[in-house]
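*Asks:* Please see the structure below; I have some questions.
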2 protein chains.
Amino acid sequence: MADAINWIIPIAGIAAVVFALYLARDVLARDKGPQAMQDVAGTIYEGAVAFIRRQYLTIAILAVVGAVVIGAIIAVVETEDVAETTIFGTELGFRTGVAFLVGAICSMLSGIIGMFISVKANLRTAAAARHSLVGAVQTAMRGGAVSGFLVVALSLLGVWGIFAAFGGLEGGRATAQAPFLIVGFGFGASFVALFAQLGGGIYTKAADVGSDLVGKVEAGIPEDDPRNAGVVADLVGDNVGDCAGRGADLFESTAAENIGAMILGVAVFGIASNLGWPHPEAWIFFPLVVRAFGLLATIAAMYFVRGREDEDPMRILNRGYWATTILSVVGLAVTTFVMMDTAGATGANGIPAWIWFFLAGVVGLATSIAFVYITQYYTAGNWRPVKEIAEASKTGPATNIISGTAVGFETTFVTAITIGIALLVSYFLGDQAGLVTADGHNVGGVFGTAVATMGMLMTTAYILAMDTFGPITDNAGGIAEFSKEEGSAREITDKLDAVGNTTKALTKGYAIASASLAAFLLFSAYIDKVNLILRGQGKPLMEAVNLADVSVFVAAFLAAMLVYFFSSLAIRAVGTTAQSIIVEVRRQFREMPGIMDYSQRPDYARVVDITTKAALRQMILPGAVAVATPIVVGLLLGHEAVAGFLMVGTISGVLLATYLNNSGGAWDNAKKYIESGQLKDAAGAVLGKRTDAHAAAVVGDTVGDPFKDTAGPSLHVLVKLLATITLVLAPLFIR
Amino acid sequence: MADAINWIIPIAGIAAVVFALYLARDVLARDKGPQAMQDVAGTIYEGAVAFIRRQYLTIAILAVVGAVVIGAIIAVVETEDVAETTIFGTELGFRTGVAFLVGAICSMLSGIIGMFISVKANLRTAAAARHSLVGAVQTAMRGGAVSGFLVVALSLLGVWGIFAAFGGLEGGRATAQAPFLIVGFGFGASFVALFAQLGGGIYTKAADVGSDLVGKVEAGIPEDDPRNAGVVADLVGDNVGDCAGRGADLFESTAAENIGAMILGVAVFGIASNLGWPHPEAWIFFPLVVRAFGLLATIAAMYFVRGREDEDPMRILNRGYWATTILSVVGLAVTTFVMMDTAGATGANGIPAWIWFFLAGVVGLATSIAFVYITQYYTAGNWRPVKEIAEASKTGPATNIISGTAVGFETTFVTAITIGIALLVSYFLGDQAGLVTADGHNVGGVFGTAVATMGMLMTTAYILAMDTFGPITDNAGGIAEFSKEEGSAREITDKLDAVGNTTKALTKGYAIASASLAAFLLFSAYIDKVNLILRGQGKPLMEAVNLADVSVFVAAFLAAMLVYFFSSLAIRAVGTTAQSIIVEVRRQFREMPGIMDYSQRPDYARVVDITTKAALRQMILPGAVAVATPIVVGLLLGHEAVAGFLMVGTISGVLLATYLNNSGGAWDNAKKYIESGQLKDAAGAVLGKRTDAHAAAVVGDTVGDPFKDTAGPSLHVLVKLLATITLVLAPLFIR
């Protein structure tokens, strides 16, 4: 049964793809509403396709170049006496290049298809909102779920497929060396994610900031006003940043963390083989099987996304989330029970190993729940932090910014404490499982953190569906506004838009948490790989990463710097790109005087095109810095310094991203809090729109935009890229 | 001669104190100007004395409690089988407590006297500015130098005195154990510095932000207008933050880094004794002697602070700085040549050890020069970064903030690269010197970084004099404005004020650089101390700090979080304190209607009093968090985790402080850039005061205030506190 269960991997993967297609058909068959809506949606669709075509063409070229370079490096560097596998040199270089390309293609494919459905679902959601809240929620959520399922299923099928193709199913030694052959897949996924997130993040916020500045501030027309030539670019941006960008981010998470966990599984495989436990390969397959069960749980949970017309839409979504979580716990129990067969050997207190690991997986699921609620506390209007920022807006933009910064810094506290507890507890639980090598080395602790990470990733498809719900409802609102729709549609889309803001914030919290939890496991995978190489070369092993070594310390210092420098470049890229939009919209206002009285239609497509080109140009420098820095540090300072670089870079990146994401989210919702009329002056009068307090809150919101939608999410990707790049290029850094 | 040279320590220390008294007399004897000026200055003086009295009383109480608690902990924990010295238990507890108190008292003393002269020198500077620029520069610089010399001399005499009192002059084993007995001194200094910087930083920015918001924004009267009841508190604040706060910061630097270097010197002492080199104790005395030469160099350099009336005042100050540096190089050469006598044993390439270390010291001096210019580039109006922020102000406060954030993040790049190079080079140089133990362990590398740190600290007195020049000239400008002085005085004080902004920024860059350079040496000192304890207990030594250990990783994560959380508390404290000022000034405007037409005098003293109380109340929470977190982490996770905590906390703190200091400085100077009429619109018209661009720049300036004057400088102190607290309490954390 421990072998048979492996078939759940392709079955769940294919089931999820089929289900995604079914959802896509369902969404596409829905009512498209009046012609006015269809026209706007058509323009957004064209813009999105134009961006995606150009962006993915650029990324595809970069990926092919990347694959060739990586393959060539591995072919030259990883010779027989360096390679930790029976495959090396040209053959290994070729396989790594192929794995890189497959990873890149799967990531691009899921991004493109998800985007495509998302820009179709927005229209259907707007149309559904004319009649029913639940109908609109379901349309948006199903549209989002297409992305969610495709991303997770393609990552699962991709890892499994390349694992199978490289001999992973043969059993024994072949299975044990396969995880090292497929690391290129994770690197390919990270590589695409970096540029997808950077390009999308720069595009979306440049369009937002640029069209706001030139429309709201200069021309004095409302947000999303059809006379603003930049407004379609803004609506397109929501899709390319939140949908395609975050999809690539989580594609990378699931792929990279899965491979990292498989590498740790190899260590357990060794113990299990020596001790004569049955099915030692099960430990390597385990991460894939757990994720397969997560996918099945999510498919079932989609049927829980239902509720009453007068219900808070967030409750409807939460119902599905809890269903996913509970079903995942069941799947986790089944997987650990069936696969972690230690042939009578038990862990501490006579409790079998599978129970300890089951509990570690539950820790991962609990961590993801904790982050969902932590993010809500810090970025939703019902609690102290957002209220505090709204209050501070009364004394102007400066105090608004200061207060938001204080809140953003503060959010690192509970983030770090939660991650710290999750790591210590899951390590402790794994440590109790009794996975002890012949020489007394207990590898269970690290594997416990890996199980926790995989447990956390079980709900990724659902989380991603909720995330994509955000841009779809945001767009639906824009379409309703744009097509001058009256009545219930506007009201419902406004409600859904607010919920969408929360779900987008949640996803970032989730992405951060999974990156932190995975950091330790990917770090351990790096050390495992380096030691295999060192052993092959007959060199002393890297027993520890010594922070007291000057090279390690300097590398750690540079890593902590990289996350600031990278963020600086990303934020600046938004400003530069926004400038080109401002110039173009100004030109249209000037040269097409009919725009203002609606007698001329602005040239939306031209703005989209200009933004696309500028954003793609601007993503190159930060992208290059992110890829080059770990390589340069590795070449100059060696493999131990790279380990310090990886670790401290992860810690610093996670915390800086936490600050950027949460301060941005809190600023956004402080503005919404004021707009909803909840802020009052000393005399009790409402301070709503068009007051100084609101103007101050708009400043904070604008500042937060590149924080939370460009730099922060790009940092998630950077952190994981550091892990995959060092894992693949480890042989290059060996001293 | 290697023994005789030690007498330079008390001689230079006492000479510097005498010289400071001479400068103080000289300043006090100068012209006090017209009665109107004297009246204002009198009010500032009273406010400053009131704050200082209350603040230092609070700190003194905390310090006595701290000394007793620390002494008691050491007495209980450091028993015979834990202590690394022949003195332990109650006796060691008593000595540590005494050292802590002496450190605290010296720090407080230098702060109080420096402040006292500073609030006397401001009036003399304003009076001198009525006649001569050079006269005003000299008055302000001499006033500042009183602080500079007292801080450095008292730190030198304090360390030397307590070292002598605890048997350091006896030679042999007694000398070698003395550095471990005096670590309490550094902790006491850090402890006072934390609260002095926090309290002063909160006070100064709360007074600034609060009185600006209620005066400029609400009542529409100019900055520093005498009708604003908060304006005296603002002027007092410049002294308590920049003068007393930074003085305590650098007092701590010199003391803690000196003691850390002496502890590393003990390791070299061991080698020198075994190899029979002459005067092995010289390696322990070395840091003290180097600093003594630095003091003498600075005394001589004060006579180079002269120039022409039409000269840029920054050039006049730079002349003195270069004189200090060049004389320090000479002093460094003498010290290394005389003291580093290896009795014929030579380093790499047959070059004697002293040359290698001399070069390492030069690296330290060069690093400090590099930081002086790096800070100028990023925060002065002549270069790209500040201009970029000023340009971004054209599109409003949001783009101003975004641009300043990008610049601030960017500054971490050159900071980390410079520190990285300095560490690697000084380590390499030290490594070449041939300090190899019997078992082949080369301790020269770490000692090389220690020599670089000491080299850097040679110019501290001059840097601190330049720093205190800032608040003195700032105050002089305020006095001139307040007393309605016309003509050249205003012009000259405005000029000096701008220079003062630069020198204040430089000092922060210098403090950051020295903290980073020292991080590695203090970290090594911690490891040395832990290993001495472990050896005493017969436990395996801590050979490495293993980042791959889950406890170390979690501790590192918590450390990186601490610097954000601490900054959040510090920034929030400014907001809370500012609120109490706003409420009080509003009340005075309301209840004393004569203020507006000058017929009633606002109650300045009451605002000062309220601000004082609020600031001191607000400093407790961040202070407690800073002190408690490393202790809690150490108790829960053990001594190796503390090492990771210390290292990653230092790296993260240094980089966050770099961002906060430099973005704040750049925002401030972007505003000044616009005020000076250098920003032009597309048509070439000047965008100066009272334009939207200027209003946007004011927002950035206000945001930057708590960044650069509260959170950033407090982080310097936090970083060093982490080092001293873990050094002293190491026995508590041993597993």
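FYI, nothing fancy with the structure tokens labels: chains A, B, ... in order, residues from 1 per chain, ligands from 1 as they appear.
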Up to 8 Å from chain A, what residues of chain B turn up? Count only C-alpha atoms and give them as a PDB file with C-alpha atoms, in the first residue's frame.

*Replies:*
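Below is the file that was written, selection.pdb:
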ATOM      1  CA  LEU B 213       2.256  70.357  13.872  1.00  0.00           C
ATOM      2  CA  THR B 395       4.409  65.085  -7.697  1.00  0.00           C
ATOM      3  CA  PRO B 397       4.264  63.795  -0.644  1.00  0.00           C
ATOM      4  CA  ALA B 398       3.671  60.180  -1.712  1.00  0.00           C
ATOM      5  CA  THR B 399       6.373  60.198  -4.364  1.00  0.00           C
ATOM      6  CA  ILE B 401       8.290  59.306   0.573  1.00  0.00           C
ATOM      7  CA  ILE B 402       8.678  56.545  -2.015  1.00  0.00           C
ATOM      8  CA  SER B 403      11.808  58.142  -3.425  1.00  0.00           C
ATOM      9  CA  THR B 405      12.650  55.099   0.942  1.00  0.00           C
ATOM     10  CA  ALA B 406      14.363  53.915  -2.220  1.00  0.00           C
ATOM     11  CA  VAL B 407      17.371  56.119  -1.460  1.00  0.00           C
ATOM     12  CA  GLY B 408      17.484  54.969   2.149  1.00  0.00           C
ATOM     13  CA  PHE B 409      17.368  51.308   1.151  1.00  0.00           C
ATOM     14  CA  GLU B 410      20.046  51.944  -1.444  1.00  0.00           C
ATOM     15  CA  THR B 411      22.484  53.348   1.121  1.00  0.00           C
ATOM     16  CA  THR B 412      22.805  49.916   2.672  1.00  0.00           C
ATOM     17  CA  PHE B 413      24.648  48.791  -0.448  1.00  0.00           C
ATOM     18  CA  ALA B 416      27.746  46.778   3.553  1.00  0.00           C
ATOM     19  CA  ILE B 417      30.335  46.652   0.790  1.00  0.00           C
ATOM     20  CA  GLY B 420      32.762  43.881   4.179  1.00  0.00           C
ATOM     21  CA  LEU B 423      36.646  43.366   7.647  1.00  0.00           C
ATOM     22  CA  LEU B 424      38.121  41.053   5.041  1.00  0.00           C
ATOM     23  CA  TYR B 427      41.387  40.201   8.896  1.00  0.00           C
ATOM     24  CA  PHE B 520      33.047  40.936  14.658  1.00  0.00           C
ATOM     25  CA  PHE B 523      31.419  38.542  18.786  1.00  0.00           C
ATOM     26  CA  SER B 524      34.843  36.913  18.979  1.00  0.00           C
ATOM     27  CA  ALA B 544      31.735  27.299  15.699  1.00  0.00           C
ATOM     28  CA  VAL B 545      28.379  29.012  15.798  1.00  0.00           C
ATOM     29  CA  ASN B 546      26.307  26.681  13.695  1.00  0.00           C
ATOM     30  CA  LEU B 547      23.591  28.472  11.765  1.00  0.00           C
ATOM     31  CA  ALA B 548      22.266  25.074  10.711  1.00  0.00           C
ATOM     32  CA  VAL B 550      17.558  25.061  14.731  1.00  0.00           C
ATOM     33  CA  SER B 551      17.988  26.997  17.983  1.00  0.00           C
ATOM     34  CA  PHE B 553      18.473  29.821  13.409  1.00  0.00           C
ATOM     35  CA  VAL B 554      15.439  30.719  15.494  1.00  0.00           C
ATOM     36  CA  ALA B 556      18.901  34.695  14.573  1.00  0.00           C
ATOM     37  CA  PHE B 557      15.362  35.167  13.321  1.00  0.00           C
ATOM     38  CA  LEU B 558      14.316  36.709  16.630  1.00  0.00           C
ATOM     39  CA  ALA B 560      16.483  40.328  13.147  1.00  0.00           C
ATOM     40  CA  MET B 561      12.940  40.867  14.368  1.00  0.00           C
ATOM     41  CA  LEU B 562      14.068  42.656  17.535  1.00  0.00           C
ATOM     42  CA  TYR B 564      12.281  46.187  13.796  1.00  0.00           C
ATOM     43  CA  PHE B 565      10.174  45.781  16.894  1.00  0.00           C
ATOM     44  CA  SER B 567      12.316  50.695  16.202  1.00  0.00           C
ATOM     45  CA  SER B 568       8.551  50.409  16.078  1.00  0.00           C
ATOM     46  CA  LEU B 569       8.328  51.096  19.797  1.00  0.00           C
ATOM     47  CA  ILE B 571       8.891  55.598  16.639  1.00  0.00           C
ATOM     48  CA  ARG B 572       5.542  55.128  18.325  1.00  0.00           C
ATOM     49  CA  GLY B 575       4.067  60.008  18.336  1.00  0.00           C
ATOM     50  CA  GLY B 644      23.722  33.704  16.473  1.00  0.00           C
ATOM     51  CA  MET B 647      25.644  38.368  15.149  1.00  0.00           C
ATOM     52  CA  VAL B 648      22.447  38.559  13.141  1.00  0.00           C
ATOM     53  CA  ILE B 651      23.931  42.901  11.039  1.00  0.00           C
ATOM     54  CA  SER B 652      20.213  43.637  10.946  1.00  0.00           C
ATOM     55  CA  LEU B 655      21.443  47.964   8.153  1.00  0.00           C
ATOM     56  CA  VAL B 699       6.183  65.754   4.895  1.00  0.00           C
ATOM     57  CA  GLY B 700       9.310  63.746   4.107  1.00  0.00           C
ATOM     58  CA  THR B 702       8.803  65.172   9.321  1.00  0.00           C
ATOM     59  CA  VAL B 703       8.693  61.440   8.599  1.00  0.00           C
TER      60      VAL B 703
END

*Asks:* Show me, as a VMD selection string, the residues that have an atom within 8 Å of range 670-673 of chain B when counting only C-alpha atoms, minus same-chain residues fewer than 3 positions from it.

*Replies:* chain B and resid 381 386 to 387 389 to 390 666 to 667 676 to 679 694 697 to 698 700 to 701

*Asks:* Using only C-alpha atoms, which protein or nucleic acid residues come within 8 Å of Thr493 in chain B? Drop anything in the same chain fewer than 6 positions from it, and give the result as a ChimeraX atom specification.

*Replies:* /B:126,129,473-474,476-477,480

*Asks:* Just want the 6 Å neighbourhood of range 256-263 of chain B, counted on only C-alpha atoms, with same-chain residues fewer than 3 positions away dropped. Output as number ranges by chain.

*Replies:* B: 179, 186, 252-253, 266, 284, 287, 450, 522, 525

*Asks:* Name the residues in contact with Ala380 in chain B at a cut-off of 12 Å, using only C-alpha atoms, excluding same-chain residues fewer than 4 positions from it; report them as an MDAnalysis selection string.

*Replies:* chainID B and resid 314 372:376 384:390 498:506 662:673

*Asks:* Give me the residues near Gln35 in chain B as a list of chain:residue names, where near means some atom within 12 Å (using only C-alpha atoms) and where sequence neighbours in that chain fewer than 4 positions away do not count.

*Replies:*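 Close residues of Gln35 in chain B: B:Asp31, B:Asp39, B:Val40, B:Ala41, B:Gly42, B:Leu123, B:Ala127, B:Ile479, B:Ala480, B:Ser483, B:Lys484, B:Glu485.
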
*Asks:* Got time to write the residues from that selection, C-alpha atoms, as an mmCIF file, in the first residue's frame?

*Replies:*
data_model
loop_
_atom_site.group_PDB
_atom_site.id
_atom_site.type_symbol
_atom_site.label_atom_id
_atom_site.label_comp_id
_atom_site.auth_asym_id
_atom_site.auth_seq_id
_atom_site.Cartn_x
_atom_site.Cartn_y
_atom_site.Cartn_z
ATOM 1 C CA ASP B 31 30.784 87.607 24.583
ATOM 2 C CA ASP B 39 17.010 85.769 27.898
ATOM 3 C CA VAL B 40 16.223 83.140 25.271
ATOM 4 C CA ALA B 41 19.364 81.219 26.032
ATOM 5 C CA GLY B 42 18.481 81.332 29.696
ATOM 6 C CA LEU B 123 24.523 81.774 23.186
ATOM 7 C CA ALA B 127 26.762 86.403 19.790
ATOM 8 C CA ILE B 479 18.374 82.171 19.589
ATOM 9 C CA ALA B 480 19.050 84.634 16.792
ATOM 10 C CA SER B 483 15.595 87.422 19.789
ATOM 11 C CA LYS B 484 14.700 88.980 16.413
ATOM 12 C CA GLU B 485 18.353 89.530 15.587
#

*Asks:* What is the CA of Ala366 in chain B to CA of Gly455 in chain B distance in Å?

*Replies:*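 So the two atoms, CA of Ala366 in chain B and CA of Gly455 in chain B, lie 9.0 Å apart.
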
*Asks:* Check the smallest atom-to-atom distance from each of B:Asn661, B:Ala164, B:Thr79, B:Phe286 to Tyr378 in chain B using only C-alpha atoms, then report the winner.

*Replies:*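 Among the listed residues, B:Asn661 lies closest to Tyr378 in chain B.
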
*Asks:* What residues in range 473-546 of chain A get the DSSP label helix (DSSP H, G or I)? Please answer as an NGL selection string.

*Replies:* :A and (473-482 or 488-536)

*Asks:* Write out as a ChimeraX atom specification the residues lying within 6 Å of range 461-465 of chain B, counting only C-alpha atoms and excluding same-chain residues fewer than 3 positions away.

*Replies:* /B:144-145,148-149,152,468

*Asks:* Closest to Phe447 in chain B among B:Ala515, B:Phe469, B:Phe645, B:Trp356, using only C-alpha atoms?

*Replies:*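 Of B:Ala515, B:Phe469, B:Phe645, B:Trp356, the one nearest Phe447 in chain B is B:Trp356, counting only C-alpha atoms.
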
*Asks:* Using only C-alpha atoms, which residue out of A:Ala229, A:Met619, A:Met458, A:Val627 lies closest to Gly215 in chain A?

*Replies:*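 Closest to Gly215 in chain A of all the choices is A:Ala229.
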
*Asks:* What is the CA of Asn228 in chain B to CA of Ala48 in chain B distance in Å?

*Replies:* 17.7 Å
